[in-house]
$ cat entry-v6.cif   # mmCIF, C-alpha atoms
data_start
#
loop_
_atom_site.label_atom_id
_atom_site.label_comp_id
_atom_site.auth_asym_id
_atom_site.auth_seq_id
_atom_site.Cartn_x
_atom_site.Cartn_y
_atom_site.Cartn_z
CA MET A 582 -19.48 20.92 3.77
CA ASP A 583 -17.81 19.49 0.64
CA MET A 584 -20.33 16.81 -0.29
CA GLN A 585 -18.45 15.87 -3.45
CA ALA A 586 -15.30 15.11 -1.45
CA LEU A 587 -17.31 13.06 1.06
CA ARG A 588 -18.91 11.07 -1.72
CA GLN A 589 -15.57 10.43 -3.42
CA GLU A 590 -14.07 9.22 -0.15
CA GLN A 591 -17.10 7.01 0.45
CA GLU A 592 -16.86 5.42 -2.98
CA GLN A 593 -13.11 4.92 -2.60
CA ARG A 594 -13.47 3.26 0.80
CA ALA A 595 -16.38 1.11 -0.41
CA ALA A 596 -14.10 -0.27 -3.13
CA GLU A 597 -11.58 -1.30 -0.45
CA VAL A 598 -14.07 -3.36 1.58
CA VAL A 599 -13.23 -7.07 1.56
CA ARG A 600 -16.43 -9.05 1.03
CA THR A 601 -14.89 -12.51 1.43
CA ASP A 602 -14.00 -14.35 4.63
CA ALA A 603 -10.68 -13.24 6.09
CA ILE A 604 -11.16 -14.00 9.79
CA ASP A 605 -7.74 -14.67 11.33
CA VAL A 606 -8.91 -16.47 14.49
CA MET A 607 -11.51 -19.17 13.93
CA PRO A 608 -13.51 -19.78 15.94
CA PRO A 609 -13.15 -16.28 17.39
CA ARG A 610 -11.99 -16.15 21.01
CA LEU A 611 -13.23 -12.60 21.59
CA ILE A 612 -16.28 -11.04 19.96
CA GLY A 613 -16.96 -7.32 19.95
CA GLY A 614 -20.15 -5.28 19.80
CA ALA A 615 -20.54 -1.61 18.86
CA ASP A 616 -23.39 0.85 19.27
CA VAL A 617 -23.49 4.59 18.52
CA GLY A 618 -25.94 7.20 19.74
CA PHE A 619 -26.16 10.95 20.16
CA GLU A 620 -26.61 13.14 23.22
CA GLN A 621 -27.35 16.82 23.89
CA GLY A 622 -29.45 17.23 20.78
CA GLY A 623 -26.81 15.62 18.58
CA GLU A 624 -23.89 17.75 19.79
CA ILE A 625 -22.17 14.77 21.40
CA THR A 626 -21.58 11.41 19.70
CA ARG A 627 -21.52 8.48 22.13
CA ALA A 628 -19.98 5.16 21.14
CA ALA A 629 -20.07 2.00 23.24
CA LEU A 630 -17.85 -1.02 22.58
CA VAL A 631 -18.07 -4.32 24.41
CA ILE A 632 -15.96 -7.47 24.38
CA LEU A 633 -17.59 -10.85 24.96
CA GLU A 634 -15.87 -14.21 25.39
CA TYR A 635 -16.86 -16.84 22.86
CA PRO A 636 -18.61 -19.25 23.09
CA SER A 637 -19.83 -18.29 26.59
CA LEU A 638 -20.92 -14.80 25.37
CA GLN A 639 -19.98 -13.42 28.80
CA LEU A 640 -19.28 -9.68 28.95
CA ILE A 641 -15.62 -9.11 29.91
CA GLU A 642 -14.93 -5.49 28.90
CA HIS A 643 -16.82 -2.35 28.00
CA GLN A 644 -15.79 1.14 26.97
CA ILE A 645 -17.75 4.32 26.24
CA ALA A 646 -16.42 7.34 24.39
CA ARG A 647 -18.12 10.71 24.02
CA VAL A 648 -16.78 13.13 21.43
CA LYS A 649 -18.00 16.40 19.97
CA THR A 650 -20.02 15.73 16.83
CA THR A 651 -18.16 17.16 13.85
CA LEU A 652 -20.65 16.51 11.05
CA PRO A 653 -24.36 17.32 10.73
CA TYR A 654 -26.86 14.56 10.04
CA ILE A 655 -26.71 13.83 6.29
CA PRO A 656 -28.72 10.81 5.11
CA GLY A 657 -26.42 8.22 3.54
CA TYR A 658 -23.27 9.64 5.17
CA LEU A 659 -23.94 8.72 8.79
CA SER A 660 -20.76 6.66 9.14
CA PHE A 661 -18.60 9.80 8.82
CA ARG A 662 -20.49 11.19 11.81
CA GLU A 663 -20.20 8.01 13.89
CA THR A 664 -16.67 6.71 13.30
CA PRO A 665 -14.75 9.36 15.34
CA ALA A 666 -16.45 8.23 18.58
CA LEU A 667 -16.02 4.57 17.64
CA LEU A 668 -12.30 5.10 17.05
CA GLN A 669 -11.99 6.80 20.44
CA ALA A 670 -13.77 3.91 22.19
CA TRP A 671 -11.62 1.45 20.23
CA SER A 672 -8.43 3.13 21.48
CA GLN A 673 -9.66 2.62 25.08
CA LEU A 674 -10.06 -1.16 24.75
CA SER A 675 -7.45 -3.30 26.50
CA GLN A 676 -8.07 -6.20 24.09
CA ARG A 677 -9.16 -6.44 20.48
CA PRO A 678 -12.02 -8.60 19.19
CA ASP A 679 -11.44 -11.27 16.55
CA LEU A 680 -14.88 -10.52 15.11
CA LEU A 681 -16.94 -7.35 15.55
CA PHE A 682 -20.72 -6.80 15.31
CA VAL A 683 -21.87 -3.24 14.66
CA ASP A 684 -25.39 -1.93 15.21
CA GLY A 685 -25.86 -0.54 11.71
CA HIS A 686 -25.42 -1.37 8.06
CA GLY A 687 -22.39 -2.79 6.32
CA ILE A 688 -22.58 -2.99 2.54
CA SER A 689 -26.41 -2.84 2.69
CA HIS A 690 -26.06 0.86 1.92
CA PRO A 691 -26.77 2.77 -1.32
CA ARG A 692 -23.02 3.22 -1.92
CA ARG A 693 -21.96 0.09 0.01
CA LEU A 694 -20.39 1.89 2.96
CA GLY A 695 -22.51 1.78 6.09
CA VAL A 696 -20.88 2.28 9.49
CA ALA A 697 -20.02 -1.43 9.90
CA SER A 698 -18.02 -1.38 6.66
CA HIS A 699 -16.48 2.04 7.27
CA PHE A 700 -15.35 1.26 10.82
CA GLY A 701 -14.30 -2.31 9.99
CA LEU A 702 -12.09 -0.91 7.25
CA LEU A 703 -10.55 1.74 9.53
CA VAL A 704 -9.55 -0.77 12.22
CA ASP A 705 -9.08 -3.69 9.78
CA VAL A 706 -11.13 -6.19 11.78
CA PRO A 707 -13.67 -8.72 10.44
CA THR A 708 -16.96 -6.89 10.90
CA ILE A 709 -20.69 -7.67 10.52
CA GLY A 710 -23.48 -5.12 10.22
CA VAL A 711 -26.73 -5.79 12.08
CA ALA A 712 -29.31 -3.07 11.42
CA LYS A 713 -32.86 -2.68 12.69
CA LYS A 714 -34.21 -0.81 9.65
CA ARG A 715 -33.74 -1.13 5.91
CA LEU A 716 -31.70 1.55 4.23
CA CYS A 717 -31.99 0.40 0.63
CA GLY A 718 -32.83 -2.63 -1.46
CA HIS A 719 -35.80 -4.95 -1.63
CA ALA A 720 -36.67 -8.44 -0.41
CA ALA A 721 -39.60 -10.83 -0.48
CA PRO A 722 -41.71 -10.88 2.71
CA VAL A 723 -40.05 -12.79 5.54
CA GLU A 724 -42.14 -15.57 7.10
CA ASP A 725 -43.15 -15.25 10.75
CA ALA A 726 -41.13 -18.21 12.05
CA PRO A 727 -37.84 -17.38 13.80
CA GLY A 728 -34.91 -18.11 11.49
CA SER A 729 -36.83 -17.20 8.34
CA ARG A 730 -34.79 -15.17 5.86
CA GLN A 731 -34.84 -13.54 2.46
CA PRO A 732 -31.96 -12.14 0.42
CA LEU A 733 -31.78 -8.35 0.37
CA GLN A 734 -31.22 -7.22 -3.23
CA HIS A 735 -30.15 -3.86 -4.63
CA GLN A 736 -29.14 -2.95 -8.17
CA GLY A 737 -28.79 -6.54 -9.23
CA GLU A 738 -26.72 -7.87 -6.32
CA GLN A 739 -27.35 -9.38 -2.92
CA ILE A 740 -26.25 -6.91 -0.26
CA GLY A 741 -27.37 -8.81 2.83
CA TRP A 742 -30.12 -10.84 4.49
CA VAL A 743 -33.46 -9.88 5.96
CA TRP A 744 -33.65 -12.27 8.92
CA ARG A 745 -36.32 -12.94 11.52
CA SER A 746 -34.48 -13.41 14.80
CA LYS A 747 -37.51 -13.79 17.05
CA ALA A 748 -41.24 -14.39 16.69
CA ARG A 749 -43.47 -11.29 16.74
CA CYS A 750 -40.43 -9.04 16.25
CA LEU A 751 -39.44 -7.05 13.20
CA PRO A 752 -36.66 -8.67 11.17
CA LEU A 753 -33.02 -7.60 11.21
CA TYR A 754 -30.83 -6.59 8.27
CA VAL A 755 -27.57 -8.52 8.33
CA SER A 756 -24.73 -7.66 5.97
CA THR A 757 -21.02 -7.90 5.31
CA GLY A 758 -19.09 -5.22 7.13
CA HIS A 759 -15.49 -6.05 6.21
CA ARG A 760 -13.58 -9.34 5.79
CA VAL A 761 -16.75 -11.43 6.24
CA SER A 762 -18.91 -12.86 3.44
CA THR A 763 -22.68 -12.37 3.27
CA ASP A 764 -23.45 -15.98 4.21
CA THR A 765 -20.85 -16.13 6.99
CA ALA A 766 -22.23 -12.90 8.45
CA LEU A 767 -25.65 -14.46 8.95
CA GLN A 768 -24.17 -17.70 10.30
CA TRP A 769 -22.29 -15.79 12.98
CA VAL A 770 -25.29 -13.68 13.92
CA GLU A 771 -27.20 -16.94 14.45
CA ARG A 772 -24.39 -18.26 16.68
CA VAL A 773 -24.45 -15.29 19.05
CA MET A 774 -28.17 -15.15 19.74
CA ALA A 775 -29.53 -15.74 23.25
CA GLY A 776 -33.29 -15.49 22.88
CA TYR A 777 -33.57 -11.75 22.24
CA ARG A 778 -34.25 -9.85 19.04
CA LEU A 779 -30.67 -8.56 18.86
CA PRO A 780 -27.48 -10.63 18.85
CA GLU A 781 -25.62 -10.54 22.16
CA PRO A 782 -22.72 -8.29 21.06
CA THR A 783 -24.90 -5.37 19.91
CA ARG A 784 -27.49 -6.02 22.64
CA TRP A 785 -24.78 -5.61 25.27
CA ALA A 786 -23.31 -2.57 23.53
CA ASP A 787 -26.75 -0.95 23.62
CA ALA A 788 -27.20 -1.96 27.27
CA VAL A 789 -23.89 -0.34 28.21
CA ALA A 790 -24.57 2.81 26.19
CA SER A 791 -28.07 3.29 27.60
CA GLN A 792 -27.31 2.01 31.13
CA ARG A 793 -30.03 -0.60 30.81
CA THR A 794 -31.09 -2.86 33.68
CA ALA A 795 -29.14 -5.87 32.38
CA PHE A 796 -25.89 -3.89 32.43
CA LEU A 797 -26.57 -2.31 35.84
CA ARG A 798 -27.25 -5.78 37.23
CA TRP A 799 -24.00 -7.04 35.67
CA GLN A 800 -22.10 -4.16 37.31
CA GLN A 801 -23.61 -5.04 40.69
CA ASN A 802 -22.45 -8.63 40.32
CA GLN A 803 -18.88 -7.51 39.59
CA ARG A 804 -18.53 -5.84 42.98
#

$ encode --input "entry-v6.cif" --output "structure tokens"
Amino acid sequence: MDMQALRQEQEQRAAEVVRTDAIDVMPPRLIGGADVGFEQGGEITRAALVILEYPSLQLIEHQIARVKTTLPYIPGYLSFRETPALLQAWSQLSQRPDLLFVDGHGISHPRRLGVASHFGLLVDVPTIGVAKKRLCGHAAPVEDAPGSRQPLQHQGEQIGWVWRSKARCLPLYVSTGHRVSTDTALQWVERVMAGYRLPEPTRWADAVASQRTAFLRWQQNQR
């Protein structure tokens, strides 16, 4: 494992991330959600991608890809492990989203290349990172009321928002993935909420990946 080469590639790609708004279709007609997990003790990487209509947020397409994991777990380099499965799932989609939400970090990463930025760059789609845990940086405590937020700071710059999506739930970490600004990222996360902790695109991607009740019920209704 050539860690120096990985780090150089990471730093190079991070420099290519567009942190300003460059969303071609506004408002987006189709919104995507992505979720990655691992099976068989990490030997298989599983990626789920969903497409929702906007503004109805109705699920209209879903794809799952399972590929052999090619990289061991290395903290800070997880995107290299996750993107092959995401690219496979992406190739299976019959339509492309105008805006994509990824369960994971964008630039809120020590070297500014979480999976949302890495994958957004590879497919060149406006992308937002929505993570459940902090990877780096610091923020003031977030108030308990839904909608409360604090800027996430790291090494003298704002790298995202710590945002309370729902009362009595841990906050989310929202950041630029690619071609979306920090403020716009949070605005769009707010627009695709439906009363749960997670925004609908990543909530549905997780439901598809894990065969949750909501997705099984949706499948029943399609028959």

$ closest_residue --input "entry-v6.cif" --among "A:Pro678, A:Pro665, A:Pro636, A:Pro782" --to "A:Phe700" --atoms "all atoms listed in the file"
A:Pro665

$ resolve_selection --input "entry-v6.cif" --expression "the PyMOL selection byres ((chain A and resi 680) around 8)" --output "number ranges by chain"
A: 604, 609, 611-613, 678-679, 681-682, 706-709

$ resolve_selection --input "entry-v6.cif" --expression "the PyMOL selection byres ((chain A and resi 766-775) around 8)" --output "ChimeraX atom specification"
/A:638,709,742,755-757,761-765,776-777,779-782

$ resolve_selection --input "entry-v6.cif" --expression "the PyMOL selection byres ((chain A and resi 734-740) around 9)" --output "PyMOL selection string"
chain A and resi 687-691+693+717-720+732-733+741-742+755-757+763

$ closest_residue --input "entry-v6.cif" --among "A:Ser729, A:Ser637, A:Gln801, A:Thr664" --to "A:Ala697" --atoms "only C-alpha atoms"
A:Thr664

$ atom_distance --input "entry-v6.cif" --atom1 "atom CA of A:Ala712" --atom2 "atom CA of A:Ser672"
24.0 Å

$ closest_residue --input "entry-v6.cif" --among "A:Val683, A:Lys649, A:Arg610, A:Gly657" --to "A:Glu634" --atoms "all atoms listed in the file"
A:Arg610

$ residues_around --input "entry-v6.cif" --residues "A:Ser660" --least-positions-apart "5" --cutoff "8 Å" --atoms "all atoms listed in the file" --output "PDB file with C-alpha atoms, in the coordinates of the input"
ATOM      1  CA  LEU A 694     -20.390   1.890   2.960  1.00  0.00           C
ATOM      2  CA  GLY A 695     -22.510   1.780   6.090  1.00  0.00           C
ATOM      3  CA  VAL A 696     -20.880   2.280   9.490  1.00  0.00           C
ATOM      4  CA  HIS A 699     -16.480   2.040   7.270  1.00  0.00           C
ATOM      5  CA  PHE A 700     -15.350   1.260  10.820  1.00  0.00           C
TER       6      PHE A 700
END

$ residues_around --input "entry-v6.cif" --residues "A:Glu642" --least-positions-apart "3" --cutoff "12 Å" --atoms "all atoms listed in the file" --output "MDAnalysis selection string"
chainID A and resid 611:614 629:634 638:639 645 670:671 673:678 782 785:786 789 796 799:800 803

$ atom_distance --input "entry-v6.cif" --atom1 "atom CA of A:Leu703" --atom2 "atom CA of A:Thr783"
19.1 Å

$ closest_residue --input "entry-v6.cif" --among "A:Ala795, A:Arg760, A:Asn802, A:Phe661" --to "A:Asp602" --atoms "all atoms listed in the file"
A:Arg760

$ closest_residue --input "entry-v6.cif" --among "A:Val648, A:Ile655, A:Gln589, A:Gly685" --to "A:Gln669" --atoms "only C-alpha atoms"
A:Val648
